[in-house]
file coords-v7.txt (compact mmCIF, C-alpha atoms)
# COMPACT_ATOMS: atom_id res chain seq x y z
CA MET L 10 8.32 -130.72 38.14
CA GLY L 11 5.82 -133.57 37.94
CA ASP L 12 3.11 -132.20 40.25
CA SER L 13 0.69 -129.56 39.11
CA PHE L 14 0.50 -126.32 41.04
CA TYR L 15 -2.96 -127.36 42.21
CA ASP L 16 -1.54 -130.54 43.77
CA GLN L 17 1.37 -128.64 45.27
CA LEU L 18 -0.99 -126.09 46.83
CA THR L 19 -3.04 -128.93 48.29
CA GLU L 20 0.10 -130.40 49.84
CA ASP L 21 1.48 -127.04 51.04
CA GLY L 22 -1.86 -125.77 52.40
CA ALA L 23 -1.45 -127.07 55.95
CA PHE L 24 2.11 -125.72 56.14
CA LEU L 25 1.03 -122.29 54.89
CA ARG L 26 -1.84 -122.07 57.38
CA ALA L 27 0.47 -122.90 60.29
CA GLU L 28 3.43 -120.78 59.15
CA ARG L 29 4.13 -117.91 61.56
CA ARG L 30 6.23 -115.96 59.06
CA LEU L 31 3.10 -115.30 56.98
CA ASP L 32 1.82 -112.34 58.94
CA THR L 33 -1.08 -110.05 58.07
CA GLU L 34 1.09 -107.70 56.03
CA SER L 35 2.58 -110.41 53.82
CA VAL L 36 -0.81 -112.06 53.22
CA ASP L 37 -2.21 -108.65 52.25
CA LYS L 38 0.67 -108.13 49.81
CA ILE L 39 -0.07 -111.48 48.17
CA ILE L 40 -3.79 -110.67 47.94
CA LEU L 41 -3.08 -107.25 46.43
CA GLN L 42 -0.62 -108.78 43.94
CA LEU L 43 -3.24 -111.26 42.77
CA ASN L 44 -5.94 -108.58 42.65
CA ARG L 45 -3.98 -105.90 40.81
CA ILE L 46 -2.06 -107.97 38.31
CA TYR L 47 -4.57 -110.81 37.79
CA PRO L 48 -8.08 -109.41 38.40
CA GLN L 49 -9.54 -112.48 36.67
CA ILE L 50 -8.13 -114.58 39.52
CA LEU L 51 -9.11 -112.31 42.40
CA THR L 52 -11.70 -109.59 41.86
CA ASP L 53 -11.97 -106.45 43.98
CA LYS L 54 -14.90 -107.85 45.95
CA GLU L 55 -13.03 -111.10 46.69
CA ALA L 56 -9.87 -109.20 47.63
CA THR L 57 -11.82 -107.06 50.08
CA LYS L 58 -13.30 -110.21 51.61
CA PHE L 59 -9.86 -111.78 52.11
CA ARG L 60 -8.35 -108.58 53.52
CA LYS L 61 -10.77 -108.18 56.45
CA LEU L 62 -8.66 -107.58 59.53
CA ASP L 63 -11.28 -108.86 61.99
CA VAL L 64 -10.74 -112.40 60.65
CA PRO L 65 -7.54 -114.16 61.83
CA THR L 66 -4.76 -114.37 59.25
CA GLY L 67 -4.68 -118.18 59.25
CA VAL L 68 -8.39 -118.37 58.48
CA ARG L 69 -8.14 -115.74 55.72
CA LEU L 70 -5.21 -117.58 54.18
CA GLY L 71 -7.05 -120.90 54.33
CA GLU L 72 -10.09 -119.38 52.60
CA LEU L 73 -7.83 -117.80 49.97
CA LEU L 74 -6.17 -121.14 49.24
CA VAL L 75 -9.52 -122.89 48.84
CA HIS L 76 -10.70 -120.09 46.56
CA LEU L 77 -7.55 -120.28 44.42
CA GLN L 78 -7.84 -124.05 44.10
CA ALA L 79 -11.43 -123.59 42.93
CA LYS L 80 -10.20 -121.13 40.28
CA GLY L 81 -7.80 -123.70 38.83
CA GLU L 82 -4.18 -124.32 37.88
CA GLU L 83 -3.32 -120.81 36.69
CA ALA L 84 -4.54 -119.23 39.94
CA CYS L 85 -2.42 -121.66 41.96
CA ARG L 86 0.65 -120.88 39.83
CA GLU L 87 0.15 -117.13 40.29
CA PHE L 88 -0.18 -117.61 44.05
CA TYR L 89 3.22 -119.32 44.09
CA ARG L 90 4.67 -116.47 42.05
CA ALA L 91 3.31 -113.88 44.48
CA LEU L 92 4.55 -115.91 47.45
CA HIS L 93 8.01 -116.14 45.89
CA LEU L 94 8.03 -112.41 45.21
CA HIS L 95 6.85 -111.18 48.62
CA VAL L 96 7.83 -113.89 51.14
CA GLU L 97 10.81 -115.65 49.61
CA ASP L 98 11.99 -117.41 52.78
CA VAL L 99 8.58 -119.07 53.24
CA TYR L 100 8.51 -120.02 49.56
CA TYR L 101 11.83 -121.86 49.79
CA SER L 102 10.79 -123.67 52.98
CA LEU L 103 7.56 -125.11 51.51
CA PRO L 104 7.39 -128.92 51.71
CA THR L 105 7.04 -129.26 47.94
CA ARG L 106 10.03 -126.98 47.32
CA LEU L 107 12.15 -128.92 49.80
CA ARG L 108 11.12 -132.20 48.18
CA LEU L 109 11.92 -130.88 44.69
CA ARG L 110 15.25 -129.54 45.85
CA ASP L 111 16.23 -132.79 47.56
CA SER L 112 15.07 -135.06 44.74
CA ALA L 113 17.47 -136.27 42.09
CA ASP L 114 17.28 -133.79 39.24
CA PRO L 115 19.01 -134.68 35.96
CA PHE L 116 20.14 -131.07 35.53
CA THR L 117 22.11 -130.95 38.79
CA TYR L 118 25.16 -132.86 39.97
CA PRO L 119 24.52 -135.93 42.06
CA ILE L 120 25.44 -135.33 45.68
CA SER L 121 28.03 -138.14 45.70
CA ALA L 122 29.82 -136.68 42.67
CA TYR L 123 29.76 -133.25 44.30
CA LYS L 124 31.38 -134.58 47.47
CA GLN L 125 34.00 -136.58 45.58
CA ARG L 126 35.05 -133.61 43.51
CA HIS L 127 36.59 -131.92 46.57
CA VAL L 128 38.49 -134.95 47.89
CA MET L 129 42.17 -134.54 47.02
CA ASN L 130 43.52 -137.72 48.56
CA ASP L 131 42.76 -140.16 51.30
CA LYS L 132 45.99 -139.72 53.24
CA GLY L 133 44.71 -137.14 55.70
CA PRO L 134 45.93 -133.87 57.17
CA LEU L 135 49.13 -135.26 58.76
CA PHE L 136 50.39 -136.36 55.37
CA PHE L 137 49.76 -132.86 54.04
CA LEU L 138 51.56 -131.25 57.00
CA GLY L 139 54.50 -133.62 56.54
CA CYS L 140 54.87 -132.78 52.85
CA PHE L 141 54.46 -129.08 53.52
CA SER L 142 57.10 -129.19 56.27
CA LEU L 143 59.51 -131.01 53.96
CA ALA L 144 59.04 -128.45 51.19
CA LEU L 145 59.41 -125.57 53.64
CA GLY L 146 62.57 -127.09 55.10
CA MET L 147 64.09 -127.51 51.66
CA ALA L 148 63.25 -123.90 50.79
CA VAL L 149 64.83 -122.60 54.00
CA VAL L 150 68.01 -124.66 53.45
CA TYR L 151 68.24 -123.51 49.86
CA TYR L 152 67.71 -119.85 50.78
CA TYR L 153 70.16 -119.68 53.69
CA GLY L 154 72.65 -122.11 52.11
CA GLU L 155 72.96 -119.90 49.04
CA ASP L 156 73.81 -116.91 51.22
CA ARG L 157 76.88 -118.66 52.65
CA MET L 158 78.15 -119.93 49.30
CA THR L 159 77.90 -116.76 47.18
CA GLY L 160 78.00 -114.01 49.77
CA GLY L 161 74.57 -112.71 48.80
CA SER L 162 71.09 -113.79 47.96
CA ARG L 163 70.32 -114.13 44.30
CA ALA L 164 66.70 -114.58 45.23
CA LEU L 165 66.56 -110.86 45.98
CA GLY L 166 67.86 -110.11 42.51
CA MET L 167 65.19 -112.35 40.98
CA ALA L 168 62.52 -110.79 43.19
CA ALA L 169 63.43 -107.37 41.79
CA LEU L 170 62.19 -108.29 38.33
CA GLY L 171 58.53 -107.73 39.19
CA LEU L 172 58.85 -104.56 41.26
CA LYS L 173 58.72 -100.83 40.58
CA ARG L 174 61.83 -98.88 39.61
CA LYS L 175 62.89 -97.59 43.08
CA ALA L 176 62.38 -100.95 44.81
CA ARG L 177 64.19 -102.73 41.97
CA GLU L 178 67.20 -100.40 42.29
CA VAL L 179 67.43 -101.02 46.04
CA LEU L 180 67.24 -104.81 45.72
CA VAL L 181 69.71 -104.96 42.81
CA TRP L 182 72.10 -102.63 44.67
CA TYR L 183 71.88 -104.84 47.78
CA THR L 184 72.50 -107.97 45.73
CA GLU L 185 75.49 -106.47 43.87
CA GLU L 186 77.00 -105.07 47.07
CA SER L 187 76.78 -108.39 48.88
CA LEU L 188 78.41 -110.17 45.90
CA MET L 189 81.39 -107.75 45.96
CA LYS L 190 82.20 -108.49 49.61
call {"tool": "encode", "arguments": {"input": "coords-v7.txt", "output": "structure tokens"}}
result
Amino acid sequence: MGDSFYDQLTEDGAFLRAERRLDTESVDKIILQLNRIYPQILTDKEATKFRKLDVPTGVRLGELLVHLQAKGEEACREFYRALHLHVEDVYYSLPTRLRLRDSADPFTYPISAYKQRHVMNDKGPLFFLGCFSLALGMAVVYYYGEDRMTGGSRALGMAALGLKRKAREVLVWYTEESLMK
């Protein structure tokens, strides 16, 4: 990843403070996650301080971020884990996540190779429609031309091979009857 979680939290701090999707409930969930699972990061007294409802959510979040940065790298990493767990849409829209996703990663396909993989040819849609029309025309001529020459459609007899017993009997009977005429 390159950047430490401390550096990422420094960069994402302004975005998190201004983010409207981080409401009081989601900030409280993050605080409780850090307090219950990692009491060495956020003690009960500190959690109570950050959960005061008379302080605006943006201010509480800003104080929490400063506190976590003072605690160190592990506290910042656990904050990102809690954010990912409780407010996933905000986590994926963080500036550092967007930058990491858009950067060239050796474990993902390059964007140019991804786009080229789906290009079949450079002739365009009219060429495709022309070829399709030609193939369809040949199939129609073959199907209806065979009916005039043999008195029946052998395609129906071939179609009967993959069907159930009753349908097969009907199609074979129709084919045999049209051949006798």
call {"tool": "residues_around", "arguments": {"input": "coords-v7.txt", "residues": "L:Leu94", "least_positions_apart": "3", "cutoff": "12 Å", "atoms": "only C-alpha atoms", "output": "compact mmCIF listing (two decimals) with C-alpha atoms, keeping the file's coordinate frame"}}
result
# COMPACT_ATOMS: atom_id res chain seq x y z
CA SER L 35 2.58 -110.41 53.82
CA VAL L 36 -0.81 -112.06 53.22
CA LYS L 38 0.67 -108.13 49.81
CA ILE L 39 -0.07 -111.48 48.17
CA GLN L 42 -0.62 -108.78 43.94
CA LEU L 43 -3.24 -111.26 42.77
CA GLU L 87 0.15 -117.13 40.29
CA PHE L 88 -0.18 -117.61 44.05
CA TYR L 89 3.22 -119.32 44.09
CA ARG L 90 4.67 -116.47 42.05
CA ALA L 91 3.31 -113.88 44.48
CA GLU L 97 10.81 -115.65 49.61
CA ASP L 98 11.99 -117.41 52.78
CA VAL L 99 8.58 -119.07 53.24
CA TYR L 100 8.51 -120.02 49.56
CA TYR L 101 11.83 -121.86 49.79
call {"tool": "atom_distance", "arguments": {"input": "coords-v7.txt", "atom1": "atom CA of L:Val68", "atom2": "atom CA of L:Asp37"}}
result
13.1 Å
call {"tool": "atom_distance", "arguments": {"input": "coords-v7.txt", "atom1": "atom CA of L:Gly139", "atom2": "atom CA of L:Tyr153"}}
result
21.2 Å
call {"tool": "residues_around", "arguments": {"input": "coords-v7.txt", "residues": "stretch 10-23 of chain L", "least_positions_apart": "3", "cutoff": "7 Å", "atoms": "only C-alpha atoms", "output": "JSON list (two decimals) with C-alpha atoms, in the coordinates of the input"}}
result
[["chain", "number", "residue", "atom", "x", "y", "z"],
["L", 26, "ARG", "CA", -1.84, -122.07, 57.38],
["L", 27, "ALA", "CA", 0.47, -122.90, 60.29],
["L", 78, "GLN", "CA", -7.84, -124.05, 44.10],
["L", 81, "GLY", "CA", -7.80, -123.70, 38.83],
["L", 82, "GLU", "CA", -4.18, -124.32, 37.88],
["L", 85, "CYS", "CA", -2.42, -121.66, 41.96],
["L", 86, "ARG", "CA", 0.65, -120.88, 39.83],
["L", 103, "LEU", "CA", 7.56, -125.11, 51.51],
["L", 104, "PRO", "CA", 7.39, -128.92, 51.71],
["L", 105, "THR", "CA", 7.04, -129.26, 47.94]]
call {"tool": "atom_distance", "arguments": {"input": "coords-v7.txt", "atom1": "atom CA of L:Ile40", "atom2": "atom CA of L:Arg60"}}
result
7.5 Å
call {"tool": "build_atoms", "arguments": {"input": "coords-v7.txt", "residues": "stretch 89-101 of chain L", "atoms": "N, CA, C and O atoms", "output": "tab-separated table (two decimals), in the frame of the given file"}}
result
chain	number	residue	atom	x	y	z
L	89	TYR	N	1.82	-118.98	43.82
L	89	TYR	CA	3.22	-119.32	44.09
L	89	TYR	C	4.16	-118.22	43.62
L	89	TYR	O	5.15	-117.93	44.27
L	90	ARG	N	3.85	-117.59	42.51
L	90	ARG	CA	4.67	-116.47	42.05
L	90	ARG	C	4.64	-115.31	43.04
L	90	ARG	O	5.67	-114.72	43.35
L	91	ALA	N	3.45	-114.97	43.51
L	91	ALA	CA	3.31	-113.88	44.48
L	91	ALA	C	3.99	-114.23	45.80
L	91	ALA	O	4.64	-113.38	46.41
L	92	LEU	N	3.88	-115.48	46.22
L	92	LEU	CA	4.55	-115.91	47.45
L	92	LEU	C	6.06	-115.82	47.29
L	92	LEU	O	6.76	-115.34	48.19
L	93	HIS	N	6.57	-116.22	46.15
L	93	HIS	CA	8.01	-116.14	45.89
L	93	HIS	C	8.47	-114.70	45.86
L	93	HIS	O	9.56	-114.36	46.34
L	94	LEU	N	7.68	-113.82	45.33
L	94	LEU	CA	8.03	-112.41	45.21
L	94	LEU	C	8.03	-111.69	46.56
L	94	LEU	O	8.94	-110.92	46.87
L	95	HIS	N	7.03	-111.97	47.39
L	95	HIS	CA	6.85	-111.18	48.62
L	95	HIS	C	7.40	-111.86	49.88
L	95	HIS	O	7.79	-111.16	50.82
L	96	VAL	N	7.37	-113.19	49.94
L	96	VAL	CA	7.83	-113.89	51.14
L	96	VAL	C	8.73	-115.04	50.69
L	96	VAL	O	8.38	-116.21	50.79
L	97	GLU	N	9.92	-114.68	50.24
L	97	GLU	CA	10.81	-115.65	49.61
L	97	GLU	C	11.27	-116.75	50.57
L	97	GLU	O	11.39	-117.90	50.18
L	98	ASP	N	11.52	-116.40	51.84
L	98	ASP	CA	11.99	-117.41	52.78
L	98	ASP	C	10.93	-118.47	53.05
L	98	ASP	O	11.25	-119.65	53.22
L	99	VAL	N	9.66	-118.08	53.07
L	99	VAL	CA	8.58	-119.07	53.24
L	99	VAL	C	8.46	-119.92	51.98
L	99	VAL	O	8.29	-121.14	52.05
L	100	TYR	N	8.61	-119.30	50.83
L	100	TYR	CA	8.51	-120.02	49.56
L	100	TYR	C	9.54	-121.15	49.49
L	100	TYR	O	9.24	-122.27	49.10
L	101	TYR	N	10.77	-120.85	49.88
L	101	TYR	CA	11.83	-121.86	49.79
L	101	TYR	C	11.74	-122.91	50.90
L	101	TYR	O	12.44	-123.91	50.84
